[in-house]
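Engineer: I'm passing along structure_6.cif; it holds mmCIF, C-alpha atoms, pLDDT in the B column; chains and numbers go by the auth columns.
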```
data_final
#
loop_
_atom_site.group_PDB
_atom_site.id
_atom_site.type_symbol
_atom_site.label_atom_id
_atom_site.label_comp_id
_atom_site.label_asym_id
_atom_site.label_seq_id
_atom_site.Cartn_x
_atom_site.Cartn_y
_atom_site.Cartn_z
_atom_site.B_iso_or_equiv
_atom_site.auth_seq_id
_atom_site.auth_asym_id
ATOM 1 C CA MET A 1 -15.360 -3.543 18.846 75.00 287 A
ATOM 2 C CA GLN A 2 -13.617 -1.031 16.623 74.00 288 A
ATOM 3 C CA THR A 3 -14.865 2.482 17.328 90.00 289 A
ATOM 4 C CA HIS A 4 -12.735 4.448 14.838 92.00 290 A
ATOM 5 C CA VAL A 5 -12.006 4.104 11.139 95.00 291 A
ATOM 6 C CA LEU A 6 -8.585 5.028 9.722 97.00 292 A
ATOM 7 C CA PHE A 7 -8.487 6.605 6.262 97.00 293 A
ATOM 8 C CA GLU A 8 -5.243 7.169 4.348 97.00 294 A
ATOM 9 C CA HIS A 9 -5.025 9.488 1.351 96.00 295 A
ATOM 10 C CA PRO A 10 -1.907 9.922 -0.834 95.00 296 A
ATOM 11 C CA LEU A 11 -0.873 13.464 -1.748 93.00 297 A
ATOM 12 C CA ASN A 12 1.362 12.551 -4.699 92.00 298 A
ATOM 13 C CA GLU A 13 1.659 9.901 -7.394 93.00 299 A
ATOM 14 C CA LYS A 14 4.456 7.872 -5.806 94.00 300 A
ATOM 15 C CA MET A 15 2.478 7.471 -2.571 95.00 301 A
ATOM 16 C CA ARG A 16 -0.635 6.515 -4.528 95.00 302 A
ATOM 17 C CA THR A 17 1.354 3.777 -6.268 96.00 303 A
ATOM 18 C CA TRP A 18 2.961 2.528 -3.050 97.00 304 A
ATOM 19 C CA LEU A 19 -0.347 2.278 -1.192 98.00 305 A
ATOM 20 C CA ARG A 20 -1.836 0.309 -4.082 97.00 306 A
ATOM 21 C CA ILE A 21 1.162 -2.045 -4.108 98.00 307 A
ATOM 22 C CA GLU A 22 0.905 -2.502 -0.331 98.00 308 A
ATOM 23 C CA PHE A 23 -2.812 -3.322 -0.670 98.00 309 A
ATOM 24 C CA LEU A 24 -2.203 -5.867 -3.449 98.00 310 A
ATOM 25 C CA LEU A 25 0.680 -7.503 -1.549 97.00 311 A
ATOM 26 C CA GLN A 26 -1.620 -7.927 1.451 97.00 312 A
ATOM 27 C CA GLN A 27 -4.328 -9.444 -0.767 97.00 313 A
ATOM 28 C CA LEU A 28 -1.848 -11.979 -2.166 96.00 314 A
ATOM 29 C CA THR A 29 -1.487 -13.710 1.182 95.00 315 A
ATOM 30 C CA VAL A 30 -4.963 -13.536 2.762 95.00 316 A
ATOM 31 C CA ARG A 31 -6.263 -16.728 1.115 95.00 317 A
ATOM 32 C CA LEU A 32 -3.244 -18.977 1.438 96.00 318 A
ATOM 33 C CA PRO A 33 -2.829 -21.877 1.102 96.00 319 A
ATOM 34 C CA LEU A 34 -4.456 -22.061 -2.343 96.00 320 A
ATOM 35 C CA GLY A 35 -6.815 -24.966 -1.782 93.00 321 A
ATOM 36 C CA ASP A 36 -9.472 -24.392 -4.431 93.00 322 A
ATOM 37 C CA HIS A 37 -10.447 -22.409 -7.536 93.00 323 A
ATOM 38 C CA ALA A 38 -11.738 -19.389 -5.573 94.00 324 A
ATOM 39 C CA ASP A 39 -8.519 -19.076 -3.550 96.00 325 A
ATOM 40 C CA ALA A 40 -6.379 -19.469 -6.669 96.00 326 A
ATOM 41 C CA LEU A 41 -8.285 -16.881 -8.701 96.00 327 A
ATOM 42 C CA HIS A 42 -8.077 -14.404 -5.819 96.00 328 A
ATOM 43 C CA PHE A 43 -4.297 -14.898 -5.788 97.00 329 A
ATOM 44 C CA PHE A 44 -3.797 -14.725 -9.565 97.00 330 A
ATOM 45 C CA ARG A 45 -6.075 -11.714 -9.993 97.00 331 A
ATOM 46 C CA ASN A 46 -4.090 -9.725 -7.421 97.00 332 A
ATOM 47 C CA ALA A 47 -0.786 -10.988 -8.849 97.00 333 A
ATOM 48 C CA GLY A 48 -1.872 -9.774 -12.290 96.00 334 A
ATOM 49 C CA GLU A 49 -2.884 -6.347 -10.966 97.00 335 A
ATOM 50 C CA LEU A 50 0.415 -6.099 -9.110 97.00 336 A
ATOM 51 C CA LEU A 51 2.326 -6.772 -12.339 97.00 337 A
ATOM 52 C CA ASP A 52 0.175 -4.131 -14.087 96.00 338 A
ATOM 53 C CA VAL A 53 1.243 -1.568 -11.477 96.00 339 A
ATOM 54 C CA PHE A 54 4.915 -2.575 -11.830 95.00 340 A
ATOM 55 C CA GLU A 55 4.739 -2.013 -15.586 93.00 341 A
ATOM 56 C CA ARG A 56 3.561 1.603 -15.232 89.00 342 A
ATOM 57 C CA GLY A 57 6.828 2.911 -13.805 84.00 343 A
ATOM 58 C CA ASP A 58 10.257 2.168 -12.408 90.00 344 A
ATOM 59 C CA ILE A 59 9.283 1.096 -8.895 94.00 345 A
ATOM 60 C CA ARG A 60 12.823 0.239 -7.802 94.00 346 A
ATOM 61 C CA THR A 61 14.232 3.658 -8.769 95.00 347 A
ATOM 62 C CA GLU A 62 11.476 5.478 -6.872 95.00 348 A
ATOM 63 C CA LEU A 63 12.014 3.343 -3.771 96.00 349 A
ATOM 64 C CA LEU A 64 15.792 3.886 -3.886 96.00 350 A
ATOM 65 C CA LYS A 65 15.244 7.661 -4.134 96.00 351 A
ATOM 66 C CA GLU A 66 12.960 7.497 -1.110 96.00 352 A
ATOM 67 C CA LEU A 67 15.507 5.507 0.898 96.00 353 A
ATOM 68 C CA GLU A 68 18.038 8.269 0.178 95.00 354 A
ATOM 69 C CA ARG A 69 15.513 10.943 1.185 94.00 355 A
ATOM 70 C CA GLN A 70 14.810 9.179 4.470 93.00 356 A
ATOM 71 C CA GLN A 71 18.579 8.976 5.075 92.00 357 A
ATOM 72 C CA ARG A 72 18.851 12.751 4.662 92.00 358 A
ATOM 73 C CA LYS A 73 15.927 13.351 7.025 88.00 359 A
ATOM 74 C CA LEU A 74 17.494 11.137 9.685 87.00 360 A
ATOM 75 C CA LYS A 75 20.847 12.901 9.256 86.00 361 A
ATOM 76 C CA ALA A 76 19.133 16.211 10.013 82.00 362 A
ATOM 77 C CA TRP A 77 17.672 14.728 13.217 80.00 363 A
ATOM 78 C CA VAL A 78 21.196 14.098 14.557 76.00 364 A
ATOM 79 C CA GLU A 79 21.513 17.848 15.257 77.00 365 A
ATOM 80 C CA VAL A 80 18.323 17.993 17.355 77.00 366 A
ATOM 81 C CA PRO A 81 19.048 18.197 21.125 79.00 367 A
ATOM 82 C CA GLY A 82 17.826 15.228 23.151 76.00 368 A
ATOM 83 C CA VAL A 83 17.271 12.923 20.195 77.00 369 A
ATOM 84 C CA ASP A 84 17.946 9.198 20.625 77.00 370 A
ATOM 85 C CA LEU A 85 21.183 8.934 18.618 81.00 371 A
ATOM 86 C CA SER A 86 21.382 5.138 18.907 85.00 372 A
ATOM 87 C CA ARG A 87 17.886 4.849 17.408 87.00 373 A
ATOM 88 C CA ILE A 88 18.825 7.227 14.580 88.00 374 A
ATOM 89 C CA ASP A 89 22.033 5.280 13.849 88.00 375 A
ATOM 90 C CA SER A 90 20.120 1.985 13.848 91.00 376 A
ATOM 91 C CA LEU A 91 17.545 3.307 11.373 91.00 377 A
ATOM 92 C CA ARG A 92 20.225 4.768 9.103 92.00 378 A
ATOM 93 C CA GLN A 93 22.026 1.416 9.060 93.00 379 A
ATOM 94 C CA GLN A 94 18.764 -0.375 8.224 95.00 380 A
ATOM 95 C CA LEU A 95 18.152 2.063 5.373 94.00 381 A
ATOM 96 C CA LYS A 96 21.651 1.455 3.977 94.00 382 A
ATOM 97 C CA GLU A 97 21.234 -2.327 4.149 96.00 383 A
ATOM 98 C CA THR A 98 17.776 -2.129 2.572 96.00 384 A
ATOM 99 C CA SER A 99 19.074 0.059 -0.245 95.00 385 A
ATOM 100 C CA SER A 100 21.923 -2.384 -0.962 95.00 386 A
ATOM 101 C CA MET A 101 19.525 -5.350 -0.931 95.00 387 A
ATOM 102 C CA LEU A 102 17.112 -3.660 -3.343 95.00 388 A
ATOM 103 C CA MET A 103 19.887 -2.591 -5.735 93.00 389 A
ATOM 104 C CA ASN A 104 21.207 -6.165 -5.934 94.00 390 A
ATOM 105 C CA ALA A 105 17.774 -7.787 -6.338 93.00 391 A
ATOM 106 C CA PRO A 106 16.416 -8.812 -9.761 92.00 392 A
ATOM 107 C CA ARG A 107 13.963 -6.501 -11.497 92.00 393 A
ATOM 108 C CA VAL A 108 10.794 -6.127 -9.416 94.00 394 A
ATOM 109 C CA GLY A 109 8.248 -8.776 -10.442 95.00 395 A
ATOM 110 C CA GLN A 110 10.467 -10.304 -13.126 95.00 396 A
ATOM 111 C CA LEU A 111 10.106 -13.923 -11.991 96.00 397 A
ATOM 112 C CA MET A 112 6.316 -13.679 -11.792 97.00 398 A
ATOM 113 C CA ARG A 113 6.126 -11.830 -15.103 96.00 399 A
ATOM 114 C CA GLU A 114 7.972 -14.687 -16.836 97.00 400 A
ATOM 115 C CA ASP A 115 5.973 -17.480 -15.149 97.00 401 A
ATOM 116 C CA ARG A 116 3.888 -19.448 -17.663 97.00 402 A
ATOM 117 C CA LEU A 117 0.969 -20.256 -15.345 97.00 403 A
ATOM 118 C CA ILE A 118 0.613 -16.678 -14.100 97.00 404 A
ATOM 119 C CA GLY A 119 0.758 -15.481 -17.719 96.00 405 A
ATOM 120 C CA LEU A 120 -1.949 -17.910 -18.865 96.00 406 A
ATOM 121 C CA VAL A 121 -4.327 -17.005 -16.051 96.00 407 A
ATOM 122 C CA ARG A 122 -3.615 -13.287 -16.472 95.00 408 A
ATOM 123 C CA GLN A 123 -4.670 -13.436 -20.127 93.00 409 A
ATOM 124 C CA ARG A 124 -8.061 -14.937 -19.216 94.00 410 A
ATOM 125 C CA LEU A 125 -8.971 -12.775 -16.216 92.00 411 A
ATOM 126 C CA SER A 126 -10.543 -10.005 -18.297 90.00 412 A
ATOM 127 C CA ILE A 127 -12.972 -12.485 -19.901 93.00 413 A
ATOM 128 C CA PRO A 128 -16.157 -13.129 -17.866 93.00 414 A
ATOM 129 C CA GLY A 129 -15.876 -16.702 -16.618 91.00 415 A
ATOM 130 C CA GLY A 130 -12.704 -17.086 -18.676 90.00 416 A
ATOM 131 C CA CYS A 131 -10.874 -19.096 -16.019 91.00 417 A
ATOM 132 C CA CYS A 132 -13.164 -22.131 -15.924 91.00 418 A
ATOM 133 C CA SER A 133 -11.698 -25.600 -16.506 92.00 419 A
ATOM 134 C CA PHE A 134 -12.258 -25.823 -20.283 94.00 420 A
ATOM 135 C CA ASP A 135 -10.714 -22.372 -20.825 92.00 421 A
ATOM 136 C CA LEU A 136 -7.757 -22.981 -18.520 94.00 422 A
ATOM 137 C CA PRO A 137 -7.014 -26.713 -18.309 95.00 423 A
ATOM 138 C CA THR A 138 -3.488 -25.855 -17.104 95.00 424 A
ATOM 139 C CA LEU A 139 -4.887 -24.216 -13.969 95.00 425 A
ATOM 140 C CA HIS A 140 -7.373 -27.082 -13.568 95.00 426 A
ATOM 141 C CA VAL A 141 -4.542 -29.618 -13.475 96.00 427 A
ATOM 142 C CA TRP A 142 -2.425 -27.421 -11.176 96.00 428 A
ATOM 143 C CA LEU A 143 -5.293 -27.253 -8.678 96.00 429 A
ATOM 144 C CA HIS A 144 -5.377 -31.069 -8.592 96.00 430 A
ATOM 145 C CA MET A 145 -1.677 -31.296 -7.739 96.00 431 A
ATOM 146 C CA PRO A 146 -0.736 -32.125 -4.114 97.00 432 A
ATOM 147 C CA GLN A 147 -1.123 -29.131 -1.782 97.00 433 A
ATOM 148 C CA ALA A 148 2.610 -29.234 -1.008 97.00 434 A
ATOM 149 C CA HIS A 149 3.370 -28.737 -4.722 97.00 435 A
ATOM 150 C CA ARG A 150 1.212 -25.611 -4.897 97.00 436 A
ATOM 151 C CA ASP A 151 2.569 -24.285 -1.596 97.00 437 A
ATOM 152 C CA ALA A 152 6.147 -24.641 -2.866 98.00 438 A
ATOM 153 C CA GLN A 153 5.326 -22.785 -6.088 97.00 439 A
ATOM 154 C CA VAL A 154 3.547 -19.952 -4.278 98.00 440 A
ATOM 155 C CA LYS A 155 6.525 -19.620 -1.921 98.00 441 A
ATOM 156 C CA ILE A 156 8.862 -19.175 -4.900 97.00 442 A
ATOM 157 C CA TRP A 157 6.629 -16.407 -6.265 98.00 443 A
ATOM 158 C CA LEU A 158 6.290 -14.615 -2.923 98.00 444 A
ATOM 159 C CA ASP A 159 10.003 -14.977 -2.098 97.00 445 A
ATOM 160 C CA SER A 160 10.795 -13.194 -5.363 97.00 446 A
ATOM 161 C CA LEU A 161 8.879 -10.168 -4.017 97.00 447 A
ATOM 162 C CA ALA A 162 10.645 -10.196 -0.619 96.00 448 A
ATOM 163 C CA PRO A 163 13.059 -7.288 -1.350 97.00 449 A
ATOM 164 C CA LEU A 164 10.123 -5.129 -2.461 97.00 450 A
ATOM 165 C CA VAL A 165 7.979 -6.140 0.525 97.00 451 A
ATOM 166 C CA HIS A 166 10.759 -5.351 3.001 97.00 452 A
ATOM 167 C CA THR A 167 11.680 -2.012 1.400 97.00 453 A
ATOM 168 C CA LEU A 168 8.118 -0.780 1.027 97.00 454 A
ATOM 169 C CA ALA A 169 7.196 -1.781 4.586 97.00 455 A
ATOM 170 C CA MET A 170 10.152 0.146 5.988 96.00 456 A
ATOM 171 C CA ILE A 171 9.492 3.272 3.920 97.00 457 A
ATOM 172 C CA LEU A 172 5.768 3.384 4.677 98.00 458 A
ATOM 173 C CA ASP A 173 6.418 2.773 8.366 96.00 459 A
ATOM 174 C CA LEU A 174 8.831 5.727 8.510 95.00 460 A
ATOM 175 C CA ILE A 175 6.400 7.984 6.647 96.00 461 A
ATOM 176 C CA ARG A 176 3.404 6.963 8.770 97.00 462 A
ATOM 177 C CA HIS A 177 5.307 7.620 11.993 93.00 463 A
ATOM 178 C CA SER A 178 6.695 10.962 10.839 90.00 464 A
ATOM 179 C CA ALA A 179 3.698 12.884 12.230 92.00 465 A
ATOM 180 C CA GLU A 180 1.384 12.542 15.207 94.00 466 A
ATOM 181 C CA PHE A 181 -2.403 12.595 15.104 96.00 467 A
ATOM 182 C CA ARG A 182 -3.859 15.936 16.160 96.00 468 A
ATOM 183 C CA LYS A 183 -7.458 16.781 16.955 97.00 469 A
ATOM 184 C CA GLN A 184 -9.130 18.943 14.291 96.00 470 A
ATOM 185 C CA THR A 185 -12.658 20.237 13.796 96.00 471 A
ATOM 186 C CA SER A 186 -14.561 20.604 10.539 96.00 472 A
ATOM 187 C CA LEU A 187 -17.282 23.244 10.119 95.00 473 A
ATOM 188 C CA ASN A 188 -20.380 22.239 8.169 94.00 474 A
ATOM 189 C CA GLY A 189 -18.564 19.152 6.905 94.00 475 A
ATOM 190 C CA PHE A 190 -15.565 21.022 5.452 96.00 476 A
ATOM 191 C CA TYR A 191 -11.906 21.351 6.478 96.00 477 A
ATOM 192 C CA GLN A 192 -8.822 22.628 4.653 94.00 478 A
ATOM 193 C CA ASP A 193 -5.195 23.217 5.534 93.00 479 A
ATOM 194 C CA ASN A 194 -1.637 23.382 4.194 90.00 480 A
ATOM 195 C CA GLY A 195 0.067 20.054 3.522 78.00 481 A
ATOM 196 C CA GLU A 196 3.595 21.328 4.287 79.00 482 A
ATOM 197 C CA ASP A 197 5.114 19.041 1.627 83.00 483 A
ATOM 198 C CA ALA A 198 3.392 16.013 3.133 91.00 484 A
ATOM 199 C CA ASP A 199 3.171 12.690 1.269 93.00 485 A
ATOM 200 C CA LEU A 200 0.230 11.175 3.099 94.00 486 A
ATOM 201 C CA LEU A 201 -2.846 12.220 5.069 95.00 487 A
ATOM 202 C CA ARG A 202 -4.016 9.876 7.850 97.00 488 A
ATOM 203 C CA LEU A 203 -7.445 10.585 9.254 97.00 489 A
ATOM 204 C CA GLN A 204 -9.269 8.894 12.138 96.00 490 A
ATOM 205 C CA LEU A 205 -13.037 9.219 12.347 95.00 491 A
ATOM 206 C CA GLU A 206 -15.545 7.783 14.793 93.00 492 A
ATOM 207 C CA LEU A 207 -17.421 4.865 13.261 93.00 493 A
ATOM 208 C CA ALA A 208 -20.634 5.986 14.974 90.00 494 A
ATOM 209 C CA ALA A 209 -20.648 9.184 12.886 89.00 495 A
ATOM 210 C CA GLN A 210 -21.454 7.115 9.765 93.00 496 A
ATOM 211 C CA LEU A 211 -19.439 9.572 7.677 95.00 497 A
ATOM 212 C CA TYR A 212 -16.548 9.280 5.257 96.00 498 A
ATOM 213 C CA PRO A 213 -14.031 11.879 4.020 96.00 499 A
ATOM 214 C CA GLN A 214 -13.733 12.991 0.406 96.00 500 A
ATOM 215 C CA ILE A 215 -10.180 14.324 0.161 94.00 501 A
ATOM 216 C CA SER A 216 -8.650 16.410 -2.617 91.00 502 A
ATOM 217 C CA GLY A 217 -5.372 18.242 -2.918 84.00 503 A
ATOM 218 C CA HIS A 218 -1.625 17.763 -3.136 76.00 504 A
ATOM 219 C CA LYS A 219 1.461 18.161 -0.955 68.00 505 A
ATOM 220 C CA SER A 220 1.080 21.924 -0.376 79.00 506 A
ATOM 221 C CA ARG A 221 -2.677 22.212 0.227 89.00 507 A
ATOM 222 C CA PHE A 222 -5.621 19.887 0.770 94.00 508 A
ATOM 223 C CA ALA A 223 -9.350 19.993 1.465 95.00 509 A
ATOM 224 C CA ILE A 224 -11.586 17.455 3.182 96.00 510 A
ATOM 225 C CA ARG A 225 -15.352 17.224 2.780 96.00 511 A
ATOM 226 C CA PHE A 226 -17.243 14.868 5.071 96.00 512 A
ATOM 227 C CA LEU A 227 -20.172 13.051 3.520 95.00 513 A
ATOM 228 C CA PRO A 228 -22.827 10.776 5.079 95.00 514 A
ATOM 229 C CA LEU A 229 -22.745 7.053 4.343 93.00 515 A
ATOM 230 C CA ASP A 230 -26.528 7.292 3.853 90.00 516 A
ATOM 231 C CA SER A 231 -26.633 9.942 1.133 86.00 517 A
ATOM 232 C CA GLU A 232 -30.411 10.466 1.455 87.00 518 A
ATOM 233 C CA ASN A 233 -31.034 10.489 5.212 85.00 519 A
ATOM 234 C CA GLY A 234 -27.572 10.937 6.759 82.00 520 A
ATOM 235 C CA VAL A 235 -26.657 14.126 8.589 89.00 521 A
ATOM 236 C CA VAL A 236 -23.311 15.932 8.764 92.00 522 A
ATOM 237 C CA PRO A 237 -22.935 17.770 12.092 93.00 523 A
ATOM 238 C CA GLU A 238 -22.156 21.484 12.073 95.00 524 A
ATOM 239 C CA ARG A 239 -18.984 20.781 14.061 95.00 525 A
ATOM 240 C CA LEU A 240 -17.211 17.454 13.661 95.00 526 A
ATOM 241 C CA ASP A 241 -14.124 16.443 15.613 95.00 527 A
ATOM 242 C CA PHE A 242 -11.610 14.102 13.977 96.00 528 A
ATOM 243 C CA GLU A 243 -7.916 13.269 14.220 97.00 529 A
ATOM 244 C CA LEU A 244 -5.473 14.112 11.439 97.00 530 A
ATOM 245 C CA ALA A 245 -1.799 13.412 10.763 96.00 531 A
ATOM 246 C CA CYS A 246 0.053 15.028 7.833 94.00 532 A
ATOM 247 C CA CYS A 247 2.926 12.633 7.153 93.00 533 A
#
```
Using the file provided, produce a representation of the structure as structure tokens.
Structural biologist:
Amino acid sequence: MQTHVLFEHPLNEKMRTWLRIEFLLQQLTVRLPLGDHADALHFFRNAGELLDVFERGDIRTELLKELERQQRKLKAWVEVPGVDLSRIDSLRQQLKETSSMLMNAPRVGQLMREDRLIGLVRQRLSIPGGCCSFDLPTLHVWLHMPQAHRDAQVKIWLDSLAPLVHTLAMILDLIRHSAEFRKQTSLNGFYQDNGEDADLLRLQLELAAQLYPQISGHKSRFAIRFLPLDSENGVVPERLDFELACC
């Protein structure tokens, strides 16, 4: 049984966007294969939200900038005594290959944005019950197609996102592993510290505490207030131990 809960909080806009994209990409695949209306609507709703996020900024440019930043950070590590140079070289090569792949890929989400079925469903999602059979006969027919037909179509859509998925996974993995968890203690449910130009806070809290963190701040400074899950009867201990990583 899980005894700890991991919370992640972005400290800048790019990280906020990337965590949302990661969440939506995960949601796209949890109900595959699309066997019925509920599975399909779960997929199309998350696909639509993903396209909404893509349209708010230039995702590819931000990811390419981050790949360059990670390259510079790894280059600085080369000078550190005792560092695993072969590991550093391997990561730098992976970053170069990932950058080249992303630069040569089509615009992020373009294929899905131009897909007629995704567009039709996306238009109806904001209407309560707007995706039933008489509103969306196209989807109704599609759901009666052979499973193999739907699986092939979904694969085309997901394959079009592969460069993004690979790049984002690599970047987030490097950021998450850039700092170790350290034991911290809050007093009367409050803790604050300097972010040291961090992008992401990762916080581990015992599930038994029945608390959750309310985090505010940015890359140079942040504050955490711990609140009880039961707002009326819950208690916040005077001293609370938790683990924190500033990545």
Engineer: Looking at all atoms listed in the file, which of A:His452, A:Arg355, A:Arg488, A:Arg507 is the one that sits closest to A:Glu308?
Structural biologist: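 Comparing A:His452, A:Arg355, A:Arg488, A:Arg507 against A:Glu308, the winner is A:His452.
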Engineer: Looking at A:Cys533, A:Ala438, A:Ala495, A:Leu526, which one is nearest to A:Leu320, with distances taken over all atoms listed in the file?
Structural biologist: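 Smallest separation from A:Leu320 among the options: A:Ala438.
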Engineer: Need the shell around A:Ser517: protein/DNA/RNA residues with any atom at most 12 Å away, counting all atoms listed in the file. Skip same-chain ones fewer than 6 positions apart. Format as an MDAnalysis selection string?
Structural biologist: chainID A and resid 496:498
Engineer: Name the closest residue to A:Leu460 among the candidates A:Ser412, A:Gln288, A:Gln380, A:Gln500; distances are taken between atoms, counting all atoms listed in the file.
Structural biologist: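 Of A:Ser412, A:Gln288, A:Gln380, A:Gln500, the one nearest A:Leu460, counting all atoms listed in the file, is A:Gln380.
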Engineer: Here is a test: counting all atoms listed in the file, which residue of A:Ile510, A:His463, A:Ala494, A:Asn390 is nearest to A:Asn480?
Structural biologist: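 Looking only at the distances to A:Asn480, the closest residue turns out to be A:Ile510.
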Engineer: To one decimal place, how far is atom CA of A:Phe329 from atom CA of A:Gln313 in Å?
Structural biologist: 7.4 Å
Engineer: Quote the spacing between atom CA of A:Val291 and atom CA of A:Phe340 in Å to one decimal place.
Structural biologist: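 Going from atom CA of A:Val291 over to atom CA of A:Phe340 covers 29.3 Å.
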Engineer: Name the closest residue to A:Leu360 among the candidates A:Thr303, A:Gln490, A:Thr453, A:Ser464; distances are taken between atoms, counting all atoms listed in the file.
Structural biologist: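 Closest to A:Leu360, using all atoms listed in the file: A:Ser464.
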Engineer: I'd like the residues picked by the PyMOL selection byres ((chain A and resi 396) around 10) written out as a ChimeraX atom specification, using the chain letters and numbers from the file.
Structural biologist: /A:337,340,392-395,397-401,443,446-447
Engineer: Which residue out of A:Asp437, A:Glu383, A:Asp375, A:Asp325 has the minimum interatomic distance to A:Leu353 when only C-alpha atoms are used?
Structural biologist: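 The closest residue to A:Leu353 is A:Glu383.
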Engineer: Show me, as a PyMOL selection string, the residues that have an atom within 9 Å of A:Glu354 when counting all atoms listed in the file, minus same-chain residues fewer than 6 positions from it.
Structural biologist: chain A and resi 381-382+385
Engineer: For this structure, which residues satisfy the selection - the PyMOL selection byres ((chain A and resi 312) around 12) - when it is evaluated on the file as given? I want them as a list in words.
Structural biologist: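 Selected by the PyMOL selection byres ((chain A and resi 312) around 12) in this file: Leu305, Arg306, Ile307, Glu308, Phe309, Leu310, Leu311, Gln313, Leu314, Thr315, Val316, Arg317, Leu318, His328, Phe329, Asn332, Ala333, Leu336, Leu444, Val451 and Ala455 of chain A.
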Engineer: Within 12 Å of A:Val407, counting only C-alpha atoms, which residues show up once you throw out same-chain ones fewer than 4 positions away? Write them as a PyMOL selection string, please.
Structural biologist: chain A and resi 323+326-335+398-399+401-403+411-413+415-419+421-426+428
Engineer: What's the separation between atom CA of A:Glu466 and atom CA of A:Ser372, in Å to one decimal place?
Structural biologist: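 Distance between the two atoms: 21.6 Å.
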Engineer: Determine the residue membership of the PyMOL selection byres ((chain A and resi 293) around 6) for the file above and supply it as a list in words.
Structural biologist: Leu292, Glu294, Arg488 and Leu489 of chain A
Engineer: Compile the contact shell of A:Val364 as a PyMOL selection string: residues with an atom at most 9 Å away, counting only C-alpha atoms, same-chain residues fewer than 5 positions apart removed.
Structural biologist: chain A and resi 369-371+374-375
Engineer: Extract, using all atoms listed in the file, all DNA, RNA and protein residues at most 10 Å from A:Leu486, discarding same-chain residues fewer than 6 positions from it, and format them as a list in words.
Structural biologist: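 Skipping anything fewer than 6 positions along the chain leaves Glu294, His295, Pro296, Leu297, Asn298, Met301, Arg302, Leu305, Leu458, Ile461, Arg462, Ala465, His504, Lys505, Ala531, Cys532 and Cys533 of chain A.
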Engineer: All heavy atoms are what I want for stretch 306-310 of chain A; can you complete it accordingly and write them as an mmCIF file, in the frame of the given file?
Structural biologist:
```cif
data_model
loop_
_atom_site.group_PDB
_atom_site.id
_atom_site.type_symbol
_atom_site.label_atom_id
_atom_site.label_comp_id
_atom_site.auth_asym_id
_atom_site.auth_seq_id
_atom_site.Cartn_x
_atom_site.Cartn_y
_atom_site.Cartn_z
ATOM 1 N N ARG A 306 -1.181 1.344 -3.270
ATOM 2 C CA ARG A 306 -1.836 0.309 -4.082
ATOM 3 C C ARG A 306 -1.021 -0.989 -4.066
ATOM 4 O O ARG A 306 -1.579 -2.081 -3.971
ATOM 5 C CB ARG A 306 -2.023 0.812 -5.518
ATOM 6 C CG ARG A 306 -3.152 1.826 -5.634
ATOM 7 C CD ARG A 306 -3.285 2.382 -7.028
ATOM 8 N NE ARG A 306 -4.453 3.252 -7.119
ATOM 9 C CZ ARG A 306 -4.594 4.241 -7.984
ATOM 10 N NH1 ARG A 306 -3.616 4.492 -8.846
ATOM 11 N NH2 ARG A 306 -5.689 4.985 -7.991
ATOM 12 N N ILE A 307 0.303 -0.857 -4.166
ATOM 13 C CA ILE A 307 1.162 -2.045 -4.108
ATOM 14 C C ILE A 307 1.028 -2.725 -2.748
ATOM 15 O O ILE A 307 0.897 -3.949 -2.664
ATOM 16 C CB ILE A 307 2.637 -1.666 -4.383
ATOM 17 C CG1 ILE A 307 2.809 -1.257 -5.854
ATOM 18 C CG2 ILE A 307 3.561 -2.836 -4.055
ATOM 19 C CD1 ILE A 307 4.195 -0.732 -6.191
ATOM 20 N N GLU A 308 1.056 -1.933 -1.677
ATOM 21 C CA GLU A 308 0.905 -2.502 -0.331
ATOM 22 C C GLU A 308 -0.417 -3.265 -0.212
ATOM 23 O O GLU A 308 -0.456 -4.382 0.329
ATOM 24 C CB GLU A 308 0.953 -1.383 0.708
ATOM 25 C CG GLU A 308 0.804 -1.894 2.142
ATOM 26 C CD GLU A 308 0.631 -0.766 3.145
ATOM 27 O OE1 GLU A 308 -0.216 0.130 2.910
ATOM 28 O OE2 GLU A 308 1.338 -0.774 4.172
ATOM 29 N N PHE A 309 -1.495 -2.680 -0.720
ATOM 30 C CA PHE A 309 -2.812 -3.322 -0.670
ATOM 31 C C PHE A 309 -2.800 -4.648 -1.433
ATOM 32 O O PHE A 309 -3.289 -5.673 -0.932
ATOM 33 C CB PHE A 309 -3.854 -2.374 -1.269
ATOM 34 C CG PHE A 309 -5.208 -3.003 -1.482
ATOM 35 C CD1 PHE A 309 -6.058 -3.232 -0.412
ATOM 36 C CD2 PHE A 309 -5.625 -3.377 -2.751
ATOM 37 C CE1 PHE A 309 -7.309 -3.820 -0.601
ATOM 38 C CE2 PHE A 309 -6.860 -3.970 -2.953
ATOM 39 C CZ PHE A 309 -7.708 -4.191 -1.868
ATOM 40 N N LEU A 310 -2.228 -4.650 -2.629
ATOM 41 C CA LEU A 310 -2.203 -5.867 -3.449
ATOM 42 C C LEU A 310 -1.314 -6.941 -2.825
ATOM 43 O O LEU A 310 -1.642 -8.133 -2.880
ATOM 44 C CB LEU A 310 -1.736 -5.529 -4.870
ATOM 45 C CG LEU A 310 -2.744 -4.719 -5.698
ATOM 46 C CD1 LEU A 310 -2.090 -4.190 -6.973
ATOM 47 C CD2 LEU A 310 -3.968 -5.552 -6.045
#
```
